[in-house]
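To be precise, the following lines are entry-v6.csv, and they hold CSV, C-alpha atoms.
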```csv
chain,number,residue,atom,x,y,z
A,1,MET,CA,36.9,-2.5,-23.0
A,2,LYS,CA,34.0,-1.2,-25.1
A,3,SER,CA,32.0,-4.5,-25.2
A,4,ILE,CA,32.0,-8.1,-24.2
A,5,ILE,CA,30.5,-11.0,-26.3
A,6,VAL,CA,29.0,-13.7,-24.2
A,7,HIS,CA,29.1,-17.1,-25.9
A,8,PRO,CA,26.9,-20.2,-25.0
A,9,PRO,CA,28.6,-22.6,-22.6
A,10,LYS,CA,30.2,-25.7,-24.3
A,11,GLN,CA,29.5,-28.0,-21.4
A,12,PRO,CA,27.0,-28.4,-18.5
A,13,ILE,CA,27.3,-25.7,-15.9
A,14,ARG,CA,28.3,-26.9,-12.4
A,15,THR,CA,29.7,-24.2,-10.2
A,16,GLU,CA,29.6,-22.3,-6.9
A,17,ILE,CA,29.4,-18.5,-6.8
A,18,ARG,CA,30.1,-16.4,-3.8
A,19,LEU,CA,28.0,-13.3,-4.6
A,20,ALA,CA,28.8,-9.7,-3.8
A,21,ALA,CA,27.4,-8.3,-0.6
A,22,SER,CA,24.1,-6.5,-0.7
A,23,LYS,CA,24.6,-2.8,-1.2
A,24,SER,CA,21.1,-2.1,0.1
A,25,GLU,CA,22.0,-3.7,3.5
A,26,CYS,CA,25.5,-2.3,3.4
A,27,ASN,CA,24.4,1.3,2.8
A,28,ARG,CA,22.0,1.2,5.7
A,29,ALA,CA,24.6,-0.3,8.0
A,30,LEU,CA,27.1,2.4,7.0
A,31,ILE,CA,24.8,5.2,7.9
A,32,ILE,CA,24.0,3.6,11.3
A,33,ASN,CA,27.7,3.0,11.9
A,34,ALA,CA,28.4,6.7,11.2
A,35,LEU,CA,25.7,7.7,13.7
A,36,THR,CA,27.4,5.6,16.4
A,37,GLY,CA,30.7,7.5,15.8
A,38,PHE,CA,32.0,4.6,13.6
A,39,GLN,CA,32.1,2.2,16.5
A,40,CYS,CA,30.4,-0.8,14.9
A,41,ALA,CA,32.2,-3.9,13.6
A,42,LEU,CA,30.8,-4.4,10.1
A,43,SER,CA,31.8,-7.4,8.0
A,44,ASN,CA,31.3,-8.4,4.4
A,45,ILE,CA,31.1,-4.7,3.3
A,46,SER,CA,30.0,-4.4,-0.3
A,47,GLU,CA,32.6,-3.8,-3.0
A,48,ALA,CA,29.9,-2.2,-5.1
A,49,ARG,CA,30.8,1.3,-6.2
A,50,ASP,CA,27.7,2.7,-4.5
A,51,SER,CA,28.7,1.4,-1.1
A,52,GLN,CA,32.4,2.3,-1.6
A,53,THR,CA,31.3,5.8,-2.5
A,54,MET,CA,29.1,6.0,0.6
A,55,GLN,CA,31.9,4.8,2.9
A,56,ARG,CA,34.4,7.3,1.4
A,57,LEU,CA,32.0,10.3,1.7
A,58,LEU,CA,31.0,9.5,5.3
A,59,GLN,CA,34.7,9.8,6.2
A,60,SER,CA,35.5,12.8,4.1
A,61,ASP,CA,35.7,16.4,5.3
A,62,ASP,CA,35.3,17.8,1.8
A,63,TYR,CA,32.5,20.4,1.3
A,64,THR,CA,31.4,18.8,-2.0
A,65,ALA,CA,29.9,15.2,-1.7
A,66,ASP,CA,29.8,13.8,-5.2
A,67,VAL,CA,27.8,10.6,-5.1
A,68,ILE,CA,28.4,9.8,-8.8
A,69,ASP,CA,25.3,7.9,-10.0
A,70,ALA,CA,24.3,6.4,-6.6
A,71,GLY,CA,20.7,7.2,-5.8
A,72,THR,CA,20.6,5.5,-2.4
A,73,THR,CA,23.9,7.3,-1.5
A,74,MET,CA,22.5,10.6,-2.5
A,75,ARG,CA,19.3,10.2,-0.5
A,76,PHE,CA,20.8,8.6,2.6
A,77,LEU,CA,23.6,11.1,2.8
A,78,THR,CA,21.4,14.1,2.3
A,79,ALA,CA,19.4,13.1,5.4
A,80,TYR,CA,22.5,12.2,7.4
A,81,PHE,CA,24.5,15.3,6.6
A,82,ALA,CA,21.4,17.5,7.2
A,83,VAL,CA,20.4,16.1,10.6
A,84,THR,CA,24.0,16.0,11.8
A,85,ASN,CA,24.3,19.7,11.0
A,86,GLN,CA,27.0,19.4,8.4
A,87,LYS,CA,27.4,22.0,5.7
A,88,LYS,CA,27.7,20.1,2.4
A,89,ARG,CA,27.1,20.4,-1.3
A,90,MET,CA,25.4,17.3,-2.7
A,91,THR,CA,25.9,16.5,-6.4
A,92,GLY,CA,26.4,13.7,-8.9
A,93,THR,CA,26.4,12.7,-12.5
A,94,PRO,CA,24.2,14.6,-15.0
A,95,ARG,CA,21.7,11.7,-14.8
A,96,MET,CA,21.8,11.8,-11.0
A,97,CYS,CA,20.9,15.5,-11.1
A,98,GLU,CA,17.8,14.5,-13.2
A,99,ARG,CA,16.5,12.2,-10.5
A,100,PRO,CA,14.0,13.9,-8.2
A,101,ILE,CA,14.7,14.5,-4.5
A,102,GLY,CA,12.1,17.1,-3.7
A,103,ILE,CA,10.0,14.9,-1.4
A,104,LEU,CA,12.9,14.2,0.8
A,105,VAL,CA,14.1,17.8,0.9
A,106,ASP,CA,10.6,19.0,1.8
A,107,ALA,CA,10.5,16.5,4.7
A,108,LEU,CA,13.9,17.5,6.0
A,109,ARG,CA,13.0,21.2,5.8
A,110,ILE,CA,9.9,20.5,7.9
A,111,LEU,CA,12.2,18.9,10.5
A,112,GLY,CA,14.5,21.9,10.5
A,113,ALA,CA,17.1,21.5,7.7
A,114,ASP,CA,18.2,24.5,5.7
A,115,ILE,CA,18.6,23.2,2.2
A,116,GLU,CA,18.8,25.1,-1.1
A,117,TYR,CA,18.5,23.9,-4.7
A,118,GLU,CA,21.5,25.0,-6.7
A,119,GLN,CA,19.9,24.7,-10.1
A,120,ASN,CA,16.5,23.1,-10.7
A,121,GLU,CA,13.8,23.0,-8.0
A,122,GLY,CA,13.3,19.5,-6.7
A,123,TYR,CA,16.6,18.1,-8.1
A,124,PRO,CA,20.3,18.0,-7.1
A,125,PRO,CA,22.8,19.7,-6.8
A,126,LEU,CA,21.8,20.7,-3.2
A,127,LYS,CA,23.4,23.0,-0.7
A,128,LEU,CA,23.0,21.9,3.0
A,129,ASN,CA,23.4,24.9,5.2
A,130,GLY,CA,22.8,23.4,8.7
A,131,PHE,CA,20.0,22.2,10.9
A,132,THR,CA,18.0,23.7,13.7
A,133,TYR,CA,15.3,21.4,15.1
A,134,SER,CA,11.8,22.7,14.3
A,135,GLY,CA,10.1,20.9,17.1
A,136,THR,CA,8.0,18.9,14.6
A,137,ASN,CA,8.2,15.1,15.1
A,138,GLU,CA,5.5,14.0,12.6
A,139,LEU,CA,5.5,13.7,8.8
A,140,VAL,CA,2.9,12.7,6.3
A,141,MET,CA,4.2,11.3,3.1
A,142,ARG,CA,2.9,9.5,0.1
A,143,GLY,CA,3.5,5.7,0.4
A,144,ASP,CA,4.1,5.2,-3.4
A,145,VAL,CA,7.2,7.4,-3.6
A,146,SER,CA,10.7,5.9,-3.6
A,147,SER,CA,11.2,3.8,-0.4
A,148,GLN,CA,14.7,5.4,-0.3
A,149,TYR,CA,13.1,8.7,0.9
A,150,ILE,CA,11.3,6.9,3.7
A,151,SER,CA,14.4,4.8,4.7
A,152,ALA,CA,16.6,7.9,4.7
A,153,LEU,CA,14.2,9.6,7.2
A,154,LEU,CA,13.8,6.5,9.3
A,155,LEU,CA,17.6,6.0,9.7
A,156,ILE,CA,18.1,9.5,11.1
A,157,ALA,CA,14.9,9.5,13.2
A,158,PRO,CA,16.4,8.3,16.5
A,159,GLU,CA,18.8,11.3,16.3
A,160,LEU,CA,15.9,13.8,16.5
A,161,PRO,CA,15.1,15.2,20.0
A,162,ASP,CA,11.5,13.8,19.9
A,163,GLY,CA,12.0,10.9,17.5
A,164,LEU,CA,9.8,10.8,14.5
A,165,THR,CA,6.4,9.4,13.3
A,166,ILE,CA,5.9,9.0,9.6
A,167,ARG,CA,2.3,8.4,8.3
A,168,LEU,CA,2.3,7.0,4.8
A,169,GLU,CA,-0.7,7.8,2.6
A,170,GLY,CA,-2.1,5.5,-0.1
A,171,GLU,CA,-0.4,2.4,-1.4
A,172,VAL,CA,3.0,1.7,0.1
A,173,GLY,CA,5.6,0.7,-2.6
A,174,SER,CA,8.8,-1.4,-1.9
A,175,ARG,CA,7.6,-2.2,1.6
A,176,PRO,CA,10.3,-4.9,2.0
A,177,TYR,CA,13.0,-2.2,1.7
A,178,ILE,CA,11.3,-0.2,4.5
A,179,GLU,CA,11.1,-3.3,6.6
A,180,MET,CA,14.8,-4.0,5.9
A,181,THR,CA,15.6,-0.6,7.3
A,182,LEU,CA,13.5,-1.1,10.4
A,183,ASN,CA,15.0,-4.5,11.1
A,184,GLN,CA,18.6,-3.3,10.7
A,185,MET,CA,17.8,-0.4,13.1
A,186,ALA,CA,16.4,-2.9,15.6
A,187,HIS,CA,19.7,-4.8,15.4
A,188,PHE,CA,21.4,-1.7,16.7
A,189,GLY,CA,19.0,-1.1,19.6
A,190,ILE,CA,16.1,0.9,18.2
A,191,GLU,CA,12.6,-0.2,19.4
A,192,TYR,CA,10.3,1.0,16.6
A,193,GLN,CA,6.6,0.6,16.1
A,194,ALA,CA,5.2,-0.2,12.6
A,195,ASP,CA,1.4,-0.3,12.2
A,196,TRP,CA,0.8,-1.5,8.7
A,197,GLN,CA,-2.9,-1.2,9.1
A,198,THR,CA,-2.6,2.5,9.3
A,199,ASN,CA,0.8,2.7,7.6
A,200,THR,CA,2.2,4.5,10.6
A,201,LEU,CA,5.9,4.2,11.6
A,202,THR,CA,7.1,5.5,14.9
A,203,ILE,CA,10.7,5.8,16.0
A,204,PRO,CA,11.6,7.0,19.5
A,205,PRO,CA,14.6,9.2,20.3
A,206,TYR,CA,17.5,6.9,21.2
A,207,LYS,CA,21.1,6.4,20.4
A,208,TYR,CA,22.1,3.5,18.2
A,209,GLN,CA,24.1,0.9,20.1
A,210,PRO,CA,27.4,-0.2,18.5
A,211,GLN,CA,27.1,-3.8,17.4
A,212,SER,CA,28.8,-6.2,15.0
A,213,TYR,CA,26.9,-6.9,11.8
A,214,SER,CA,27.5,-9.2,8.9
A,215,ILE,CA,26.1,-8.1,5.6
A,216,GLU,CA,24.2,-10.7,3.6
A,217,SER,CA,25.1,-11.5,-0.1
A,218,ASP,CA,23.0,-9.7,-2.7
A,219,TRP,CA,19.7,-11.2,-3.9
A,220,SER,CA,19.6,-8.7,-6.7
A,221,GLY,CA,22.9,-10.1,-7.9
A,222,ALA,CA,21.5,-13.6,-7.5
A,223,SER,CA,18.8,-12.9,-10.0
A,224,TYR,CA,21.2,-13.0,-12.9
A,225,TRP,CA,22.3,-16.5,-11.9
A,226,TYR,CA,18.7,-17.6,-11.7
A,227,SER,CA,18.3,-16.3,-15.3
A,228,ILE,CA,21.4,-18.2,-16.4
A,229,VAL,CA,20.1,-21.4,-15.0
A,230,ALA,CA,16.7,-20.9,-16.5
A,231,LEU,CA,18.2,-20.2,-20.0
A,232,ALA,CA,21.1,-22.7,-20.1
A,233,THR,CA,20.5,-26.2,-21.5
A,234,ASP,CA,22.0,-27.9,-18.4
A,235,ALA,CA,22.9,-26.0,-15.3
A,236,GLU,CA,23.3,-26.4,-11.5
A,237,VAL,CA,24.6,-23.4,-9.5
A,238,GLU,CA,25.0,-22.9,-5.8
A,239,LEU,CA,24.9,-19.3,-4.7
A,240,LEU,CA,26.8,-18.8,-1.4
A,241,GLY,CA,26.1,-16.3,1.3
A,242,LEU,CA,22.3,-16.1,0.9
A,243,LYS,CA,19.7,-16.6,3.7
A,244,LYS,CA,16.3,-18.2,3.5
A,245,ASN,CA,14.7,-15.6,5.8
A,246,SER,CA,16.3,-12.6,4.1
A,247,LEU,CA,15.6,-9.0,4.8
A,248,GLN,CA,16.0,-8.2,1.1
A,249,GLY,CA,12.9,-7.8,-1.0
A,250,ASP,CA,14.6,-9.2,-4.1
A,251,SER,CA,14.7,-12.6,-2.4
A,252,ALA,CA,11.3,-12.9,-4.2
A,253,ILE,CA,13.4,-14.0,-7.2
A,254,ALA,CA,13.3,-17.6,-5.8
A,255,GLU,CA,9.5,-17.7,-6.0
A,256,ILE,CA,9.3,-15.9,-9.3
A,257,MET,CA,11.9,-18.1,-11.0
A,258,ARG,CA,10.1,-21.3,-10.0
A,259,ASN,CA,7.6,-20.3,-12.8
A,260,LEU,CA,10.5,-19.8,-15.2
A,261,GLY,CA,12.0,-23.3,-14.5
A,262,VAL,CA,14.4,-22.9,-11.6
A,263,GLU,CA,14.1,-24.6,-8.2
A,264,SER,CA,15.7,-23.2,-5.1
A,265,VAL,CA,17.0,-25.5,-2.3
A,266,PHE,CA,18.6,-23.8,0.6
A,267,THR,CA,21.8,-25.3,1.9
A,268,GLU,CA,24.1,-24.6,4.8
A,269,GLY,CA,26.1,-22.2,2.6
A,270,GLY,CA,23.4,-20.6,0.5
A,271,VAL,CA,20.9,-21.8,-2.1
A,272,LEU,CA,21.3,-24.4,-4.8
A,273,LEU,CA,19.6,-23.7,-8.2
A,274,THR,CA,18.5,-26.6,-10.4
A,275,LYS,CA,16.3,-26.8,-13.5
A,276,ILE,CA,12.6,-27.8,-13.4
A,277,PRO,CA,9.8,-27.4,-16.0
A,278,GLY,CA,8.5,-23.8,-16.3
A,279,ALA,CA,5.1,-22.3,-16.8
A,280,ALA,CA,3.6,-21.0,-20.1
A,281,SER,CA,2.8,-17.6,-18.7
A,282,ILE,CA,3.3,-15.6,-15.5
A,283,GLY,CA,1.9,-12.4,-14.0
A,284,TRP,CA,3.8,-10.5,-11.4
A,285,ASP,CA,3.5,-7.2,-9.5
A,286,PHE,CA,7.0,-5.8,-9.1
A,287,THR,CA,6.0,-3.0,-6.7
A,288,ASN,CA,8.1,-4.5,-3.9
A,289,CYS,CA,11.0,-5.8,-6.1
A,290,PRO,CA,11.4,-3.4,-9.1
A,291,ASP,CA,15.1,-4.2,-9.6
A,292,LEU,CA,14.1,-7.7,-10.7
A,293,ALA,CA,11.8,-6.6,-13.6
A,294,GLN,CA,14.6,-6.3,-16.2
A,295,THR,CA,16.0,-9.8,-15.5
A,296,ILE,CA,12.5,-11.4,-15.6
A,297,ALA,CA,11.5,-9.6,-18.7
A,298,VAL,CA,14.6,-10.8,-20.6
A,299,CYS,CA,14.3,-14.3,-19.4
A,300,CYS,CA,10.6,-14.6,-20.3
A,301,GLY,CA,11.2,-13.1,-23.7
A,302,LEU,CA,13.8,-15.7,-24.5
A,303,LYS,CA,11.9,-18.6,-23.1
A,304,ASP,CA,8.6,-17.6,-24.8
A,305,ILE,CA,6.9,-17.3,-21.5
A,306,LYS,CA,4.2,-14.6,-21.7
A,307,LEU,CA,4.8,-12.1,-18.9
A,308,SER,CA,2.4,-9.5,-17.5
A,309,LEU,CA,4.1,-6.9,-15.4
A,310,THR,CA,2.7,-4.3,-13.0
A,311,GLY,CA,4.4,-2.1,-10.4
A,312,ILE,CA,7.2,-0.9,-12.7
A,313,GLU,CA,6.5,2.8,-12.8
A,314,SER,CA,9.5,3.6,-10.6
A,315,LEU,CA,11.8,2.1,-13.3
A,316,LYS,CA,11.3,5.2,-15.4
A,317,ILE,CA,13.4,7.3,-12.9
A,318,LYS,CA,16.2,4.9,-12.2
A,319,GLU,CA,19.8,5.1,-13.7
A,320,THR,CA,18.0,5.3,-17.0
A,321,ASP,CA,14.4,5.0,-18.1
A,322,ARG,CA,14.4,1.3,-17.7
A,323,VAL,CA,11.0,0.8,-19.3
A,324,LEU,CA,12.1,2.5,-22.5
A,325,ALA,CA,15.5,0.8,-22.4
A,326,LEU,CA,13.8,-2.6,-22.2
A,327,GLN,CA,11.5,-1.8,-25.1
A,328,ASN,CA,14.5,-0.7,-27.2
A,329,GLU,CA,16.7,-3.7,-26.5
A,330,LEU,CA,14.3,-6.7,-26.2
A,331,VAL,CA,13.4,-6.3,-29.9
A,332,LYS,CA,17.0,-7.3,-30.6
A,333,LEU,CA,16.3,-10.6,-29.0
A,334,GLY,CA,13.0,-11.2,-30.8
A,335,ALA,CA,10.7,-10.1,-27.9
A,336,GLU,CA,8.8,-6.9,-27.1
A,337,LEU,CA,7.6,-5.0,-24.0
A,338,LYS,CA,4.2,-3.5,-24.7
A,339,GLU,CA,2.3,-1.0,-22.5
A,340,ILE,CA,-1.3,-2.3,-22.2
A,341,GLU,CA,-2.6,0.2,-19.7
A,342,LYS,CA,-1.0,3.6,-19.2
A,343,ASP,CA,1.6,3.5,-16.3
A,344,HIS,CA,0.1,0.3,-15.0
A,345,LEU,CA,0.1,-3.0,-17.0
A,346,TYR,CA,2.9,-4.1,-19.4
A,347,GLU,CA,3.4,-7.4,-21.3
A,348,VAL,CA,6.4,-9.2,-22.6
A,349,SER,CA,6.0,-11.6,-25.5
A,350,ILE,CA,7.9,-12.9,-28.5
A,351,ILE,CA,7.7,-11.2,-31.9
A,352,LYS,CA,6.6,-13.8,-34.5
A,353,ASN,CA,8.8,-14.1,-37.5
A,354,ALA,CA,11.3,-11.6,-36.1
A,355,SER,CA,14.3,-10.9,-38.3
A,356,LEU,CA,17.3,-11.1,-35.9
A,357,SER,CA,21.0,-10.3,-36.1
A,358,GLU,CA,23.4,-13.1,-35.7
A,359,LEU,CA,25.1,-11.1,-33.0
A,360,PRO,CA,22.7,-8.7,-31.3
A,361,SER,CA,24.4,-5.8,-29.6
A,362,ILE,CA,22.8,-4.6,-26.4
A,363,HIS,CA,23.1,-0.9,-25.4
A,364,THR,CA,23.4,-0.6,-21.6
A,365,TYR,CA,22.5,3.1,-21.1
A,366,ASP,CA,25.0,3.5,-18.3
A,367,ASP,CA,22.9,1.1,-16.2
A,368,HIS,CA,24.4,-1.9,-14.5
A,369,ARG,CA,21.2,-3.8,-14.4
A,370,MET,CA,20.7,-3.6,-18.2
A,371,ALA,CA,24.2,-5.2,-18.7
A,372,MET,CA,23.6,-8.0,-16.2
A,373,ALA,CA,19.9,-8.7,-17.1
A,374,PHE,CA,20.8,-9.2,-20.8
A,375,ALA,CA,24.1,-11.1,-20.3
A,376,PRO,CA,22.3,-14.4,-19.6
A,377,ALA,CA,20.9,-14.3,-23.2
A,378,GLY,CA,24.4,-15.6,-24.1
A,379,MET,CA,23.4,-19.0,-22.7
A,380,ILE,CA,21.3,-19.5,-25.9
A,381,SER,CA,23.3,-17.7,-28.6
A,382,PRO,CA,26.1,-15.1,-28.7
A,383,VAL,CA,25.2,-11.6,-27.5
A,384,ARG,CA,27.3,-8.5,-27.3
A,385,ILE,CA,27.0,-6.3,-24.2
A,386,GLU,CA,28.1,-2.7,-24.7
A,387,GLU,CA,30.0,-0.8,-22.0
A,388,PRO,CA,30.3,-3.8,-19.7
A,389,GLY,CA,32.1,-1.8,-17.0
A,390,VAL,CA,28.8,-0.4,-15.7
A,391,VAL,CA,28.5,-3.5,-13.5
A,392,VAL,CA,30.9,-1.9,-11.0
A,393,LYS,CA,28.0,0.0,-9.5
A,394,SER,CA,26.6,-3.2,-7.8
A,395,TYR,CA,28.5,-6.3,-8.8
A,396,PRO,CA,32.1,-5.6,-9.7
A,397,GLY,CA,33.1,-9.2,-10.1
A,398,PHE,CA,30.2,-10.2,-12.4
A,399,TRP,CA,32.2,-10.8,-15.6
A,400,LYS,CA,34.9,-12.7,-13.7
A,401,ASP,CA,32.2,-14.9,-12.2
A,402,LEU,CA,30.5,-15.4,-15.6
A,403,ALA,CA,33.9,-16.4,-17.2
A,404,ARG,CA,33.9,-19.4,-14.9
A,405,ILE,CA,31.1,-21.0,-16.8
A,406,THR,CA,31.4,-19.8,-20.4
A,407,THR,CA,33.6,-18.0,-22.9
A,408,LEU,CA,33.7,-14.2,-22.9
A,409,GLU,CA,35.3,-12.3,-25.7
A,410,GLU,CA,36.4,-8.8,-25.0
A,411,GLU,CA,36.3,-6.1,-27.7
```
Please express the file's structure as structure tokens.
Amino acid sequence: MKSIIVHPPKQPIRTEIRLAASKSECNRALIINALTGFQCALSNISEARDSQTMQRLLQSDDYTADVIDAGTTMRFLTAYFAVTNQKKRMTGTPRMCERPIGILVDALRILGADIEYEQNEGYPPLKLNGFTYSGTNELVMRGDVSSQYISALLLIAPELPDGLTIRLEGEVGSRPYIEMTLNQMAHFGIEYQADWQTNTLTIPPYKYQPQSYSIESDWSGASYWYSIVALATDAEVELLGLKKNSLQGDSAIAEIMRNLGVESVFTEGGVLLTKIPGAASIGWDFTNCPDLAQTIAVCCGLKDIKLSLTGIESLKIKETDRVLALQNELVKLGAELKEIEKDHLYEVSIIKNASLSELPSIHTYDDHRMAMAFAPAGMISPVRIEEPGVVVKSYPGFWKDLARITTLEEE
């Protein structure tokens, strides 16, 4: 289908939703499982295309590993294949081949990986030609780069003969994702040291111990339901499979959304969302949870809550330039995203006296989060979401779940 029209619900929303599993947790667990020789008992494996692609490529003997559009899969597998001395060609979609990987490749080369760029320096496709340990067990990296580079190196660090110490310079971005990686590694027997005063991470040489592991539901996926509750006239939703003390940085959505009119009450099965009064304005640093920025921007724009955003620089190199995409699409809903300070501070506010279409049509830029961040707008008035199939990347059942509470019209 080319598009879906989301219509406002005709009755109060009362439902339970069992969310998709976290692809962030799942992808880390899949790499660890592979490093044990596939001896772990993993449960609740994510159905997201990224995780399914990771699982398939880990078990494939093919020379070419096509990650499609999965950034985490590209970065984790590059480190895994390199350090396990596998000869592979790493590639993906045209957009994937525009996303930088040079910082990770440089680090792997220092450790002993033989890696070539097939086309453009610093970008996929890559040729992995084997690994000969260099004897180096320390790396110095910028802390404000993608946490996926750091996590990729941490995951393979126990396999190195002398382990690995990573010293992060400057501000550390997306720290919760690094901590997620370390905590999952600890579950499988790795005794790491993390000194956040000096931003030094030390992993000793050790073999992962096969363990059972249940993957938590996805807090990123939960964010869209928080937005639905915030925007709907009358709503109460229980999201199943979420934990109060989650490893996922996007669990920050519970705190953020309290300002937007949603209360979170943890239950035996997950978290119950109910409506409460919201604030007139909110400021938030998304450095540690950038995947929430689109959802919050759309919700604030529609609720006329002035939003100040920082820490969204990394959005420019995601599946699309998400900052530009938000700027293009928010105006269709009568809101705007303005850059106040270059690459630092942005604001979302309504456009006074905006002339709006009766049926705004949201372009999704081949980006799953654009589709799901804008879909809750349909709680207020009809909205068309173009290319809705992009949600398979992280939440394949999103439209099926949404159809439980309101009318969807396929085009």
Exercise for review: Write out as number ranges by chain each polymer residue whose atoms come within 12 Å of Gly189 (chain A), counting all atoms listed in the file; drop sequence neighbours fewer than 2 positions from it.
Suggested key: A: 32, 36, 158, 182-187, 191-192, 203-212
Preceding selection exported with C-alpha atoms as an mmCIF file, keeping the file's coordinate frame:
```cif
data_model
loop_
_atom_site.group_PDB
_atom_site.id
_atom_site.type_symbol
_atom_site.label_atom_id
_atom_site.label_comp_id
_atom_site.auth_asym_id
_atom_site.auth_seq_id
_atom_site.Cartn_x
_atom_site.Cartn_y
_atom_site.Cartn_z
ATOM 1 C CA ILE A 32 24.000 3.600 11.300
ATOM 2 C CA THR A 36 27.400 5.600 16.400
ATOM 3 C CA PRO A 158 16.400 8.300 16.500
ATOM 4 C CA LEU A 182 13.500 -1.100 10.400
ATOM 5 C CA ASN A 183 15.000 -4.500 11.100
ATOM 6 C CA GLN A 184 18.600 -3.300 10.700
ATOM 7 C CA MET A 185 17.800 -0.400 13.100
ATOM 8 C CA ALA A 186 16.400 -2.900 15.600
ATOM 9 C CA HIS A 187 19.700 -4.800 15.400
ATOM 10 C CA GLU A 191 12.600 -0.200 19.400
ATOM 11 C CA TYR A 192 10.300 1.000 16.600
ATOM 12 C CA ILE A 203 10.700 5.800 16.000
ATOM 13 C CA PRO A 204 11.600 7.000 19.500
ATOM 14 C CA PRO A 205 14.600 9.200 20.300
ATOM 15 C CA TYR A 206 17.500 6.900 21.200
ATOM 16 C CA LYS A 207 21.100 6.400 20.400
ATOM 17 C CA TYR A 208 22.100 3.500 18.200
ATOM 18 C CA GLN A 209 24.100 0.900 20.100
ATOM 19 C CA PRO A 210 27.400 -0.200 18.500
ATOM 20 C CA GLN A 211 27.100 -3.800 17.400
ATOM 21 C CA SER A 212 28.800 -6.200 15.000
#
```
Exercise for review: Go ahead and compute the interatomic distance for CA of Gln119 (chain A) and CA of Ala152 (chain A), in Å to one decimal.
Suggested key: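 Calculated distance between CA of Gln119 (chain A) and CA of Ala152 (chain A) is 22.6 Å.
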At a cut-off of 9 Å from (12.2, 8.5, 8.9) in the coordinates of the file, what residues are picked up using only C-alpha atoms, written as a PDB file with C-alpha atoms, in the frame of the given file?
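So the final result, stored in part-v7.pdb, reads:
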```
ATOM      1  CA  LEU A 139       5.500  13.700   8.800  1.00  0.00           C
ATOM      2  CA  TYR A 149      13.100   8.700   0.900  1.00  0.00           C
ATOM      3  CA  ILE A 150      11.300   6.900   3.700  1.00  0.00           C
ATOM      4  CA  SER A 151      14.400   4.800   4.700  1.00  0.00           C
ATOM      5  CA  ALA A 152      16.600   7.900   4.700  1.00  0.00           C
ATOM      6  CA  LEU A 153      14.200   9.600   7.200  1.00  0.00           C
ATOM      7  CA  LEU A 154      13.800   6.500   9.300  1.00  0.00           C
ATOM      8  CA  LEU A 155      17.600   6.000   9.700  1.00  0.00           C
ATOM      9  CA  ILE A 156      18.100   9.500  11.100  1.00  0.00           C
ATOM     10  CA  ALA A 157      14.900   9.500  13.200  1.00  0.00           C
ATOM     11  CA  PRO A 158      16.400   8.300  16.500  1.00  0.00           C
ATOM     12  CA  GLY A 163      12.000  10.900  17.500  1.00  0.00           C
ATOM     13  CA  LEU A 164       9.800  10.800  14.500  1.00  0.00           C
ATOM     14  CA  THR A 165       6.400   9.400  13.300  1.00  0.00           C
ATOM     15  CA  ILE A 166       5.900   9.000   9.600  1.00  0.00           C
ATOM     16  CA  LEU A 201       5.900   4.200  11.600  1.00  0.00           C
ATOM     17  CA  THR A 202       7.100   5.500  14.900  1.00  0.00           C
ATOM     18  CA  ILE A 203      10.700   5.800  16.000  1.00  0.00           C
TER      19      ILE A 203
END
```
Study note, to complete from the structure: Of A:Gln52, A:Ser3, A:Thr267, A:Asn27, the one sitting nearest Val392 (chain A) when using all atoms listed in the file is A:Gln52
Review point. Please, what distance in Å, to one decimal, runs between CA of Ile115 (chain A) and CA of Asp69 (chain A)?
Key: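 Computed distance, CA of Ile115 (chain A) to CA of Asp69 (chain A), equals 20.7 Å.
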Practice item. Do a neighbour search on region 223-233 of chain A at 6 Å with all atoms listed in the file, toss out local chain neighbours closer than 6 positions, and write the hits as a list in words. Key: Gly261, Val262, Pro376 and Met379 of chain A
Check your understanding: Which is closest to Thr295 (chain A) among A:Ala375, A:Ala280, A:Ala252, A:Ala354, if we use only C-alpha atoms?
Key ->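 Looking only at the distances to Thr295 (chain A), the closest residue turns out to be A:Ala375.
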Check your understanding: Contacts of region 399-409 of chain A at 6 Å or less, counting only C-alpha atoms, minus same-chain residues fewer than 3 places along, as a list in words?
Key ->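 Here the qualifying residues turn out to be Ile4, Ile5, Val6, His7 and Pro9 of chain A.
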Mind dumping the selected residues with C-alpha atoms as an mmCIF file, keeping the file's coordinate frame?
```cif
data_model
loop_
_atom_site.group_PDB
_atom_site.id
_atom_site.type_symbol
_atom_site.label_atom_id
_atom_site.label_comp_id
_atom_site.auth_asym_id
_atom_site.auth_seq_id
_atom_site.Cartn_x
_atom_site.Cartn_y
_atom_site.Cartn_z
ATOM 1 C CA ILE A 4 32.000 -8.100 -24.200
ATOM 2 C CA ILE A 5 30.500 -11.000 -26.300
ATOM 3 C CA VAL A 6 29.000 -13.700 -24.200
ATOM 4 C CA HIS A 7 29.100 -17.100 -25.900
ATOM 5 C CA PRO A 9 28.600 -22.600 -22.600
#
```
What lies within 10 Å of Leu324 (chain A) using only C-alpha atoms, ignoring chain neighbours under 4 positions off, as a PDB file with C-alpha atoms, keeping the file's coordinate frame?
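part-v3.pdb, written as the output of this step:
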```pdb
ATOM      1  CA  LEU A 315      11.800   2.100 -13.300  1.00  0.00           C
ATOM      2  CA  LYS A 316      11.300   5.200 -15.400  1.00  0.00           C
ATOM      3  CA  THR A 320      18.000   5.300 -17.000  1.00  0.00           C
ATOM      4  CA  ASN A 328      14.500  -0.700 -27.200  1.00  0.00           C
ATOM      5  CA  GLU A 329      16.700  -3.700 -26.500  1.00  0.00           C
ATOM      6  CA  LEU A 337       7.600  -5.000 -24.000  1.00  0.00           C
TER       7      LEU A 337
END
```
Check your understanding: Of the candidates A:Ala335, A:Ala20, A:Ile317, A:Met257, which one gets nearest to Arg49 (chain A) if we count all atoms listed in the file?
Key ->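 Among the listed residues, the smallest separation from Arg49 (chain A) belongs to A:Ala20.
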